[in-house]
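Before any comments, here is the structure.
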Amino acid sequence: MASDASSPRASTAPPSPWHAPTSGTTVLAGSLMIFGGAMALFEGIAALAKDDLFVTTRHYVFEFSLTGWGWVHLILGIVLIIAGCAVLGSGALWARFFGVAVAGLGAIANFLWIPYYPWWALVLVAVNLFVVWALCTGMHREADTSPTA
């Protein structure tokens with residue numbers, strides 16, 4: 001009598017380790033970095049082009065001219081977009097470290113921008129902090145699942 005049941009075959013290939021670019025948190029972080037960078041870029045353009053859009057405060061500790069803040073947000077937006085593309089494109093460890101650093105700078109810049117455009121600055125602070133959390137969580141998961149020798 002023939003049996004359809006056969007012994008399970010042992011695979012000779014090692015199991016593939018979990019890879020961070022495939023994680024949802026890393027993809028979400030990269031996408032949010034591109035979104036936050038585009039919004040910072042638009043903030044910078046708006047601050048450079050039209051000075052009456054934003055509230056100007058007196059006696060603020062970090063009082064730059066609105067044009068100075070415009071350049072800060074413009075440059076930071078471009079760097080955030082580049083970092084987001086690097087995280088989505090490769091997901092390499094250097095790209096995630098770069099993303100954490102740039103998103104942290106973005107959170108600080110938007111925190112200092114609160115007196116000029118309060119609600120939107122708070123939204124971008126939250127987005128940047130979520131990006132930092134998502135990138136650090138992805139790195140933590142990859143370190144936990146890496147094969148040991």
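By convention here, the chains of the structure tokens are called A, B, ... in the order presented, each chain's residues are numbered starting at 1, and ligands are numbered starting at 1 in the order presented.
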
Item to check | For A:Phe130: contacts at 10 Å, only C-alpha atoms, fewer than 5 positions along chain excluded, given as a ChimeraX atom specification | outcome: /A:25,28-29,32-33,103,107,124-125,135-136

Using N, CA and C atoms, can you write the selected residues to a file as an mmCIF file, in the first residue's frame?
data_model
loop_
_atom_site.group_PDB
_atom_site.id
_atom_site.type_symbol
_atom_site.label_atom_id
_atom_site.label_comp_id
_atom_site.auth_asym_id
_atom_site.auth_seq_id
_atom_site.Cartn_x
_atom_site.Cartn_y
_atom_site.Cartn_z
ATOM 1 N N THR A 25 6.698 49.861 9.792
ATOM 2 C CA THR A 25 7.100 51.081 10.492
ATOM 3 C C THR A 25 8.180 51.837 9.731
ATOM 4 N N LEU A 28 6.455 53.460 6.724
ATOM 5 C CA LEU A 28 5.664 54.587 7.202
ATOM 6 C C LEU A 28 6.566 55.758 7.593
ATOM 7 N N ALA A 29 7.679 55.474 8.243
ATOM 8 C CA ALA A 29 8.614 56.535 8.634
ATOM 9 C C ALA A 29 9.177 57.241 7.417
ATOM 10 N N LEU A 32 6.402 59.383 5.899
ATOM 11 C CA LEU A 32 6.146 60.572 6.716
ATOM 12 C C LEU A 32 7.293 61.570 6.639
ATOM 13 N N MET A 33 8.517 61.079 6.455
ATOM 14 C CA MET A 33 9.640 62.004 6.293
ATOM 15 C C MET A 33 9.513 62.777 4.991
ATOM 16 N N ALA A 103 15.111 64.033 11.356
ATOM 17 C CA ALA A 103 13.766 64.182 11.928
ATOM 18 C C ALA A 103 13.833 64.830 13.309
ATOM 19 N N ALA A 107 11.989 68.253 14.332
ATOM 20 C CA ALA A 107 11.136 68.440 15.505
ATOM 21 C C ALA A 107 11.572 69.663 16.306
ATOM 22 N N LEU A 124 3.658 69.105 12.840
ATOM 23 C CA LEU A 124 4.931 68.647 12.294
ATOM 24 C C LEU A 124 5.892 68.172 13.385
ATOM 25 N N VAL A 125 5.804 68.728 14.583
ATOM 26 C CA VAL A 125 6.589 68.191 15.702
ATOM 27 C C VAL A 125 6.157 66.757 15.974
ATOM 28 N N LEU A 135 11.609 54.799 13.212
ATOM 29 C CA LEU A 135 12.932 54.379 12.744
ATOM 30 C C LEU A 135 13.700 53.645 13.838
ATOM 31 N N CYS A 136 13.603 54.113 15.057
ATOM 32 C CA CYS A 136 14.296 53.430 16.165
ATOM 33 C C CYS A 136 13.671 52.078 16.457
#

Next on the checklist: Need the shell around stretch 39-51 of chain A: protein/DNA/RNA residues with any atom at most 12 Å away, counting only C-alpha atoms. Skip same-chain ones fewer than 3 positions apart. Format as a PyMOL selection string?
Outcome noted: chain A and resi 32-36+54-56+64-82+103+105-107+109-110+113+116-117+120-121+123-125+127-128

Next on the checklist: Give me, as a VMD selection string, the residues of stretch 76-121 of chain A that a backbone DSSP run labels alpha helix (DSSP H).
Outcome noted: chain A and resid 76 to 89 93 to 112 118 to 121

Item to check | Contacts of A:Gly99 at 7 Å (only C-alpha atoms; same-chain gap of 4+ positions) as a ChimeraX atom specification | outcome: /A:83-84,95,103

Next on the checklist: To one decimal place in Å, what is the distance between atom CA of A:Gly104 and atom CA of A:Ala86?
Outcome noted: 16.3 Å

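If you look at atom CA of A:Trp119 and atom CA of A:Thr137, they are 27.0 Å away from each other.
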
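Here atom CA of A:Ala134 and atom CA of A:Ile114 stand 23.6 Å from one another.
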
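Shortest separation to A:Gly89 among A:Ser23, A:Val102, A:Gly30, A:Val132 occurs at residue A:Gly30, atoms counted being only C-alpha atoms.
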